[in-house]
Amino acid sequence: VNAKKPKPAPPPDSEPELDLNTVPADVAEAIRTAPPEAATALATAYRERVKTREDASVTGDTLRMSMTGLKNTFAINTANFAQTSGGTSIADWRLGGKDERSLEKFNQYNKDWERSRETLSIRSNKATSDLAMERHTMHRKKIETLQHIDNAIPADQQQMSSDMWKMTLRNNWHRSVPVGNIFSGLFCNIHEPLIPKEVTMIRRPE
């Protein structure tokens, strides 16, 4: 039985010869002086480069058209919103409801706080005034008061030592405190600026 031989695959389509008059002078010179195989590789690489640039240009044009369409749509929606809201812009509308939203959050936080107080009071079998989350407020008030008193005392009165004049040199405000006995030779530098630190509030505001 004579079996039919499979037909050979058709040869791939050969790329058209690159016109060296349409390429940059340095690329054309490299293709002319290179061996045949290298010249073919250079021509193929140049074609791919050109194709990639053309594809990128098309993509850029498409993106620019999309951005233009989005800007036009946003402008139309903004104008329609201003007409329906009596001339109020979107930014003014959002800022207008800021106070209401803040008040709603504050009320919600207070409700959560009261719910937590009642739950802990029932679980610990204690009055709400005896809970640690309530008694810490007095302690924090005391700490804040002491910090305010310390900040009210001038720096020259706080540091009644012989190192005070050294601290004022070139606005240094560092003093060396000896560590251990007098023969240890160890000192710790402490930075005490002239401007007092702000008092940090770590409690629920009243």
# chains A, B, ... in the order shown; residues from 1 in each chain; ligands from 1
>>> residues_around(residues="Leu20 of chain A", least_positions_apart="2", cutoff="10 Å", atoms="only C-alpha atoms", output="MDAnalysis selection string")
chainID A and resid 17:18 22:25 27:29 31:32 43
>>> write_last_selection(atoms="all heavy atoms", output="PDB file, in the first residue's frame")
ATOM      1  N   GLU A  17      12.436  43.325   2.882  1.00  0.00           N
ATOM      2  CA  GLU A  17      13.766  43.884   3.130  1.00  0.00           C
ATOM      3  C   GLU A  17      13.629  45.305   3.668  1.00  0.00           C
ATOM      4  O   GLU A  17      12.808  46.098   3.206  1.00  0.00           O
ATOM      5  CB  GLU A  17      14.572  43.869   1.835  1.00  0.00           C
ATOM      6  CG  GLU A  17      16.021  44.306   2.033  1.00  0.00           C
ATOM      7  CD  GLU A  17      16.819  44.199   0.745  1.00  0.00           C
ATOM      8  OE1 GLU A  17      16.249  43.718  -0.244  1.00  0.00           O
ATOM      9  OE2 GLU A  17      17.990  44.601   0.756  1.00  0.00           O
ATOM     10  N   LEU A  18      14.443  45.585   4.665  1.00  0.00           N
ATOM     11  CA  LEU A  18      14.388  46.892   5.313  1.00  0.00           C
ATOM     12  C   LEU A  18      15.015  47.947   4.424  1.00  0.00           C
ATOM     13  O   LEU A  18      16.123  47.768   3.912  1.00  0.00           O
ATOM     14  CB  LEU A  18      15.122  46.827   6.665  1.00  0.00           C
ATOM     15  CG  LEU A  18      15.111  48.098   7.501  1.00  0.00           C
ATOM     16  CD1 LEU A  18      13.686  48.451   7.926  1.00  0.00           C
ATOM     17  CD2 LEU A  18      15.997  47.928   8.735  1.00  0.00           C
ATOM     18  N   THR A  22      15.239  54.748   5.168  1.00  0.00           N
ATOM     19  CA  THR A  22      14.212  55.226   6.105  1.00  0.00           C
ATOM     20  C   THR A  22      14.622  55.046   7.560  1.00  0.00           C
ATOM     21  O   THR A  22      13.835  55.353   8.455  1.00  0.00           O
ATOM     22  CB  THR A  22      12.900  54.476   5.858  1.00  0.00           C
ATOM     23  OG1 THR A  22      13.116  53.066   6.043  1.00  0.00           O
ATOM     24  CG2 THR A  22      12.401  54.732   4.443  1.00  0.00           C
ATOM     25  N   VAL A  23      15.799  54.532   7.808  1.00  0.00           N
ATOM     26  CA  VAL A  23      16.256  54.300   9.184  1.00  0.00           C
ATOM     27  C   VAL A  23      17.327  55.326   9.520  1.00  0.00           C
ATOM     28  O   VAL A  23      17.900  55.968   8.623  1.00  0.00           O
ATOM     29  CB  VAL A  23      16.811  52.867   9.331  1.00  0.00           C
ATOM     30  CG1 VAL A  23      15.744  51.848   8.964  1.00  0.00           C
ATOM     31  CG2 VAL A  23      18.053  52.656   8.468  1.00  0.00           C
ATOM     32  N   PRO A  24      17.607  55.525  10.807  1.00  0.00           N
ATOM     33  CA  PRO A  24      18.679  56.458  11.181  1.00  0.00           C
ATOM     34  C   PRO A  24      20.008  56.073  10.559  1.00  0.00           C
ATOM     35  O   PRO A  24      20.255  54.914  10.229  1.00  0.00           O
ATOM     36  CB  PRO A  24      18.703  56.363  12.710  1.00  0.00           C
ATOM     37  CG  PRO A  24      17.328  55.921  13.090  1.00  0.00           C
ATOM     38  CD  PRO A  24      16.879  55.020  11.986  1.00  0.00           C
ATOM     39  N   ALA A  25      20.855  57.063  10.420  1.00  0.00           N
ATOM     40  CA  ALA A  25      22.131  56.847   9.726  1.00  0.00           C
ATOM     41  C   ALA A  25      23.009  55.847  10.459  1.00  0.00           C
ATOM     42  O   ALA A  25      23.642  54.991   9.836  1.00  0.00           O
ATOM     43  CB  ALA A  25      22.862  58.177   9.560  1.00  0.00           C
ATOM     44  N   VAL A  27      22.086  53.350  12.429  1.00  0.00           N
ATOM     45  CA  VAL A  27      21.536  52.007  12.285  1.00  0.00           C
ATOM     46  C   VAL A  27      21.814  51.468  10.886  1.00  0.00           C
ATOM     47  O   VAL A  27      22.191  50.302  10.708  1.00  0.00           O
ATOM     48  CB  VAL A  27      20.026  52.011  12.582  1.00  0.00           C
ATOM     49  CG1 VAL A  27      19.427  50.623  12.369  1.00  0.00           C
ATOM     50  CG2 VAL A  27      19.765  52.485  14.001  1.00  0.00           C
ATOM     51  N   ALA A  28      21.637  52.312   9.874  1.00  0.00           N
ATOM     52  CA  ALA A  28      21.902  51.873   8.499  1.00  0.00           C
ATOM     53  C   ALA A  28      23.362  51.508   8.314  1.00  0.00           C
ATOM     54  O   ALA A  28      23.691  50.496   7.663  1.00  0.00           O
ATOM     55  CB  ALA A  28      21.496  52.974   7.521  1.00  0.00           C
ATOM     56  N   GLU A  29      24.272  52.281   8.904  1.00  0.00           N
ATOM     57  CA  GLU A  29      25.696  51.980   8.773  1.00  0.00           C
ATOM     58  C   GLU A  29      26.041  50.669   9.462  1.00  0.00           C
ATOM     59  O   GLU A  29      26.836  49.871   8.953  1.00  0.00           O
ATOM     60  CB  GLU A  29      26.514  53.126   9.373  1.00  0.00           C
ATOM     61  CG  GLU A  29      28.015  52.972   9.246  1.00  0.00           C
ATOM     62  CD  GLU A  29      28.473  52.995   7.791  1.00  0.00           C
ATOM     63  OE1 GLU A  29      27.723  53.555   6.950  1.00  0.00           O
ATOM     64  OE2 GLU A  29      29.562  52.477   7.506  1.00  0.00           O
ATOM     65  N   ILE A  31      24.036  48.091   9.882  1.00  0.00           N
ATOM     66  CA  ILE A  31      23.503  46.978   9.094  1.00  0.00           C
ATOM     67  C   ILE A  31      24.367  46.731   7.873  1.00  0.00           C
ATOM     68  O   ILE A  31      24.610  45.576   7.471  1.00  0.00           O
ATOM     69  CB  ILE A  31      22.045  47.268   8.702  1.00  0.00           C
ATOM     70  CG1 ILE A  31      21.164  47.295   9.955  1.00  0.00           C
ATOM     71  CG2 ILE A  31      21.531  46.230   7.713  1.00  0.00           C
ATOM     72  CD1 ILE A  31      19.726  47.687   9.684  1.00  0.00           C
ATOM     73  N   ARG A  32      24.858  47.796   7.241  1.00  0.00           N
ATOM     74  CA  ARG A  32      25.676  47.625   6.019  1.00  0.00           C
ATOM     75  C   ARG A  32      27.006  46.951   6.344  1.00  0.00           C
ATOM     76  O   ARG A  32      27.477  46.090   5.579  1.00  0.00           O
ATOM     77  CB  ARG A  32      25.940  48.985   5.367  1.00  0.00           C
ATOM     78  CG  ARG A  32      24.722  49.624   4.721  1.00  0.00           C
ATOM     79  CD  ARG A  32      25.150  50.789   3.840  1.00  0.00           C
ATOM     80  NE  ARG A  32      24.014  51.558   3.357  1.00  0.00           N
ATOM     81  CZ  ARG A  32      23.549  52.676   3.924  1.00  0.00           C
ATOM     82  NH1 ARG A  32      24.164  53.135   5.030  1.00  0.00           N
ATOM     83  NH2 ARG A  32      22.518  53.304   3.433  1.00  0.00           N
ATOM     84  N   ALA A  43      18.283  44.183  11.678  1.00  0.00           N
ATOM     85  CA  ALA A  43      17.080  44.651  10.989  1.00  0.00           C
ATOM     86  C   ALA A  43      15.823  44.192  11.725  1.00  0.00           C
ATOM     87  O   ALA A  43      14.862  44.952  11.891  1.00  0.00           O
ATOM     88  CB  ALA A  43      17.077  44.145   9.548  1.00  0.00           C
TER      89      ALA A  43
END
>>> atom_distance(atom1="atom CA of His148 of chain A", atom2="atom CA of Met201 of chain A")
11.5 Å
>>> residues_around(residues="Thr40 of chain A", least_positions_apart="4", cutoff="12 Å", atoms="only C-alpha atoms", output="JSON, numbers by chain")
{"A": [14, 15, 16, 17, 18, 28, 30, 31, 32, 33, 34, 35, 36, 44, 45, 46, 47]}
>>> write_last_selection(atoms="N, CA and C atoms", output="PDB file, in the first residue's frame")
ATOM      1  N   SER A  14       8.578  35.490   4.594  1.00  0.00           N
ATOM      2  CA  SER A  14       9.798  36.268   4.812  1.00  0.00           C
ATOM      3  C   SER A  14       9.453  37.744   4.950  1.00  0.00           C
ATOM      4  N   GLU A  15      10.136  38.398   5.875  1.00  0.00           N
ATOM      5  CA  GLU A  15       9.889  39.810   6.098  1.00  0.00           C
ATOM      6  C   GLU A  15      10.453  40.613   4.929  1.00  0.00           C
ATOM      7  N   PRO A  16       9.771  41.700   4.586  1.00  0.00           N
ATOM      8  CA  PRO A  16      10.289  42.522   3.488  1.00  0.00           C
ATOM      9  C   PRO A  16      11.634  43.125   3.876  1.00  0.00           C
ATOM     10  N   GLU A  17      12.436  43.325   2.882  1.00  0.00           N
ATOM     11  CA  GLU A  17      13.766  43.884   3.130  1.00  0.00           C
ATOM     12  C   GLU A  17      13.629  45.305   3.668  1.00  0.00           C
ATOM     13  N   LEU A  18      14.443  45.585   4.665  1.00  0.00           N
ATOM     14  CA  LEU A  18      14.388  46.892   5.313  1.00  0.00           C
ATOM     15  C   LEU A  18      15.015  47.947   4.424  1.00  0.00           C
ATOM     16  N   ALA A  28      21.637  52.312   9.874  1.00  0.00           N
ATOM     17  CA  ALA A  28      21.902  51.873   8.499  1.00  0.00           C
ATOM     18  C   ALA A  28      23.362  51.508   8.314  1.00  0.00           C
ATOM     19  N   ALA A  30      25.414  50.411  10.636  1.00  0.00           N
ATOM     20  CA  ALA A  30      25.693  49.157  11.340  1.00  0.00           C
ATOM     21  C   ALA A  30      25.196  47.964  10.548  1.00  0.00           C
ATOM     22  N   ILE A  31      24.036  48.091   9.882  1.00  0.00           N
ATOM     23  CA  ILE A  31      23.503  46.978   9.094  1.00  0.00           C
ATOM     24  C   ILE A  31      24.367  46.731   7.873  1.00  0.00           C
ATOM     25  N   ARG A  32      24.858  47.796   7.241  1.00  0.00           N
ATOM     26  CA  ARG A  32      25.676  47.625   6.019  1.00  0.00           C
ATOM     27  C   ARG A  32      27.006  46.951   6.344  1.00  0.00           C
ATOM     28  N   THR A  33      27.637  47.313   7.445  1.00  0.00           N
ATOM     29  CA  THR A  33      28.976  46.808   7.758  1.00  0.00           C
ATOM     30  C   THR A  33      28.960  45.478   8.501  1.00  0.00           C
ATOM     31  N   ALA A  34      27.789  45.037   8.992  1.00  0.00           N
ATOM     32  CA  ALA A  34      27.727  43.798   9.758  1.00  0.00           C
ATOM     33  C   ALA A  34      27.670  42.591   8.822  1.00  0.00           C
ATOM     34  N   PRO A  35      28.085  41.413   9.308  1.00  0.00           N
ATOM     35  CA  PRO A  35      27.928  40.182   8.513  1.00  0.00           C
ATOM     36  C   PRO A  35      26.454  39.918   8.215  1.00  0.00           C
ATOM     37  N   PRO A  36      26.170  39.033   7.266  1.00  0.00           N
ATOM     38  CA  PRO A  36      24.764  38.808   6.872  1.00  0.00           C
ATOM     39  C   PRO A  36      23.851  38.429   8.036  1.00  0.00           C
ATOM     40  N   THR A  44      15.834  42.925  12.185  1.00  0.00           N
ATOM     41  CA  THR A  44      14.673  42.421  12.940  1.00  0.00           C
ATOM     42  C   THR A  44      14.473  43.187  14.238  1.00  0.00           C
ATOM     43  N   ALA A  45      15.582  43.458  14.947  1.00  0.00           N
ATOM     44  CA  ALA A  45      15.482  44.209  16.199  1.00  0.00           C
ATOM     45  C   ALA A  45      14.970  45.621  15.960  1.00  0.00           C
ATOM     46  N   TYR A  46      15.388  46.228  14.853  1.00  0.00           N
ATOM     47  CA  TYR A  46      14.915  47.585  14.563  1.00  0.00           C
ATOM     48  C   TYR A  46      13.423  47.575  14.245  1.00  0.00           C
ATOM     49  N   ARG A  47      12.963  46.557  13.491  1.00  0.00           N
ATOM     50  CA  ARG A  47      11.523  46.468  13.189  1.00  0.00           C
ATOM     51  C   ARG A  47      10.700  46.313  14.477  1.00  0.00           C
TER      52      ARG A  47
END
>>> residues_around(residues="segment 116-122 of chain A", least_positions_apart="5", cutoff="9 Å", atoms="only C-alpha atoms", output="VMD selection string")
chain A and resid 111 127 to 128 130 to 131 133 to 134
>>> atom_distance(atom1="atom CA of Arg123 of chain A", atom2="atom CA of Ile202 of chain A")
25.4 Å
>>> residues_around(residues="Ile190 of chain A", least_positions_apart="3", cutoff="10 Å", atoms="only C-alpha atoms", output="list in words")
Trp173, His174, Arg175, Ser176, Val177, Phe187 and Pro193 of chain A
>>> write_last_selection(atoms="C-alpha atoms", output="PDB file, in the first residue's frame")
ATOM      1  CA  TRP A 173      20.672  72.786  77.016  1.00  0.00           C
ATOM      2  CA  HIS A 174      22.470  69.559  77.874  1.00  0.00           C
ATOM      3  CA  ARG A 175      23.777  68.652  81.284  1.00  0.00           C
ATOM      4  CA  SER A 176      25.952  65.746  82.376  1.00  0.00           C
ATOM      5  CA  VAL A 177      24.794  63.713  85.348  1.00  0.00           C
ATOM      6  CA  PHE A 187      28.168  60.441  82.884  1.00  0.00           C
ATOM      7  CA  PRO A 193      15.258  72.268  76.269  1.00  0.00           C
TER       8      PRO A 193
END
>>> atom_distance(atom1="atom CA of Gly60 of chain A", atom2="atom CA of Asp26 of chain A")
27.8 Å
>>> select_by_dssp(residues="segment 19-147 of chain A", states="alpha helix (DSSP H)", output="ChimeraX atom specification")
/A:25-33,36-84,90-96,98-124,132-147
